[in-house]
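See below for the structure under consideration.
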Amino acid sequence: MHAKRFIPSVPAVGMRNVKTALTVAVCAAVYYFIGRSPAFACIGAIFGMGTDMEDAYKNGGNRLYGTIIGGLVGMALFRIYICFVPDGHHTLLLAILALVGTIILIELCQMFWVGGVQPGGVVLCIILFNTPVTSYVPYALNRILDTAVGVLAALAVTYVFPRDWRNVWRERIHKYREKKHIQKA
């Protein structure tokens with residue numbers, strides 16, 4: 001009796017995968033030429049990609065608004081922390097500030113962008129627990145900027161290559177030509 005061999009099937013590479021990879025490559029190339037690390041822009045691009053503009057807007061918004069809120073709350077709380085602990089070494093006060101910061105983060109995300117809690121919490125914790133005293137502000141601001149670049153890149157690629165992009169572009173070109181024809185008349 002012969003045993004059946006299990007051969008796993010390879011999933012198809014869909015358009016969303018291609019768009020995500022393209023966006024990451026564009027971010028990495030742009031950052032190469034400006035001499036900055038593309039890490040957070042690429043992460044923003046990956047998190048910001050969606051199956052359509054609505055999905056990309058929601059995903060990108062979660063990442064961007066969370067990063068902005070978490071970064072601002074983290075900077076404010078870390079500034080308070082270094083007033084009490086100027087060299088920034090870890091004390092129990094950080095746990096209390098993390099508690100307060102998480103509550104503030106959740107409340108602000110409830111007001112501005114509900115989906116921002118998780119990415120905002122990541123940024124908040126990195127600033128409080130893993131950023132040197134001398135670089136917490138540049139870190140937070142650069143993280144916000146780089147995330148915005150990645151999310152905007154993902155939105156741009158999603159706009160250029162929407163679902164059923166060939167038909168969408170045919171329609172866009174047709175409407176453009178009609179508009180040009182009407183203007184000539």
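By order in the structure tokens, chains are A, B, ...; within a chain, residues start at 1; ligands start at 1, following the order shown.
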
Quick check for you: according to DSSP on this backbone, which residues of segment 5-87 of chain A are classed as alpha helix (DSSP H)? Reply as an MDAnalysis selection string. chainID A and resid 15:34 39:48 53:84

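Ranking A:Leu92, A:Leu64, A:Leu97, A:Ala148 by their shortest atom-to-atom distance to Cys109 of chain A, with only C-alpha atoms included, puts A:Leu64 first.
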
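Distance-wise, atom CA of Met111 of chain A and atom CA of Arg63 of chain A end up 15.5 Å apart.
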
With distances taken over only C-alpha atoms, which of A:Phe112, A:Met53, A:His90, A:Ile46 is nearest to Leu22 of chain A? A:Ile46

Using only C-alpha atoms, I'd like a table of the residues in segment 45-125 of chain A that come within 12 Å of segment 5-20 of chain A; for each, show the closest atom pair and its distance in Å rounded to one decimal, ordered by chain and ascending number, as a Markdown table.
| residue | atom | partner | partner_atom | distance |
| --- | --- | --- | --- | --- |
| A:Ala45 | CA | A:Thr20 | CA | 7.0 |
| A:Ile46 | CA | A:Thr20 | CA | 6.0 |
| A:Phe47 | CA | A:Thr20 | CA | 9.0 |
| A:Gly48 | CA | A:Thr20 | CA | 8.8 |
| A:Met49 | CA | A:Thr20 | CA | 6.2 |
| A:Gly50 | CA | A:Arg16 | CA | 7.1 |
| A:Thr51 | CA | A:Arg16 | CA | 6.2 |
| A:Asp52 | CA | A:Arg16 | CA | 9.1 |
| A:Met53 | CA | A:Arg16 | CA | 11.8 |
| A:Asp55 | CA | A:Arg16 | CA | 11.5 |
| A:Ala56 | CA | A:Arg16 | CA | 10.6 |

Those same residues, written as an mmCIF file, in the first residue's frame with N, CA and C atoms?
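out25.cif, freshly written:
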data_model
loop_
_atom_site.group_PDB
_atom_site.id
_atom_site.type_symbol
_atom_site.label_atom_id
_atom_site.label_comp_id
_atom_site.auth_asym_id
_atom_site.auth_seq_id
_atom_site.Cartn_x
_atom_site.Cartn_y
_atom_site.Cartn_z
ATOM 1 N N ALA A 45 3.987 51.571 5.797
ATOM 2 C CA ALA A 45 3.468 51.143 4.498
ATOM 3 C C ALA A 45 2.775 49.788 4.594
ATOM 4 N N ILE A 46 3.375 48.867 5.328
ATOM 5 C CA ILE A 46 2.781 47.536 5.478
ATOM 6 C C ILE A 46 1.465 47.621 6.239
ATOM 7 N N PHE A 47 1.467 48.362 7.344
ATOM 8 C CA PHE A 47 0.242 48.488 8.126
ATOM 9 C C PHE A 47 -0.811 49.321 7.401
ATOM 10 N N GLY A 48 -0.369 50.240 6.545
ATOM 11 C CA GLY A 48 -1.307 51.127 5.871
ATOM 12 C C GLY A 48 -1.961 50.551 4.642
ATOM 13 N N MET A 49 -1.478 49.445 4.146
ATOM 14 C CA MET A 49 -2.023 48.883 2.918
ATOM 15 C C MET A 49 -3.394 48.276 3.193
ATOM 16 N N GLY A 50 -4.268 48.411 2.213
ATOM 17 C CA GLY A 50 -5.602 47.831 2.322
ATOM 18 C C GLY A 50 -6.037 47.258 0.999
ATOM 19 N N THR A 51 -7.154 46.559 1.007
ATOM 20 C CA THR A 51 -7.668 45.980 -0.230
ATOM 21 C C THR A 51 -8.272 47.048 -1.118
ATOM 22 N N ASP A 52 -8.753 48.140 -0.514
ATOM 23 C CA ASP A 52 -9.279 49.281 -1.265
ATOM 24 C C ASP A 52 -8.981 50.550 -0.473
ATOM 25 N N MET A 53 -9.385 51.708 -0.991
ATOM 26 C CA MET A 53 -9.063 52.971 -0.322
ATOM 27 C C MET A 53 -9.673 53.050 1.071
ATOM 28 N N ASP A 55 -10.363 50.610 3.154
ATOM 29 C CA ASP A 55 -9.602 49.722 4.033
ATOM 30 C C ASP A 55 -8.216 50.301 4.325
ATOM 31 N N ALA A 56 -7.565 50.859 3.301
ATOM 32 C CA ALA A 56 -6.241 51.462 3.489
ATOM 33 C C ALA A 56 -6.335 52.686 4.405
#

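Residues within 12 Å of Gly101 of chain A, counting only C-alpha atoms and excluding same-chain residues fewer than 6 positions away, are Ile69, Gly70, Gly71, Leu72, Val73, Gly74, Met75, Ala76, Leu77, Phe78, Ile80, Tyr81, Leu93, Leu94, Ala95, Glu107, Leu108, Cys109, Val117, Gly120, Gly121, Val122, Val123, Leu124, Cys125, Ile127 and Leu128 of chain A.
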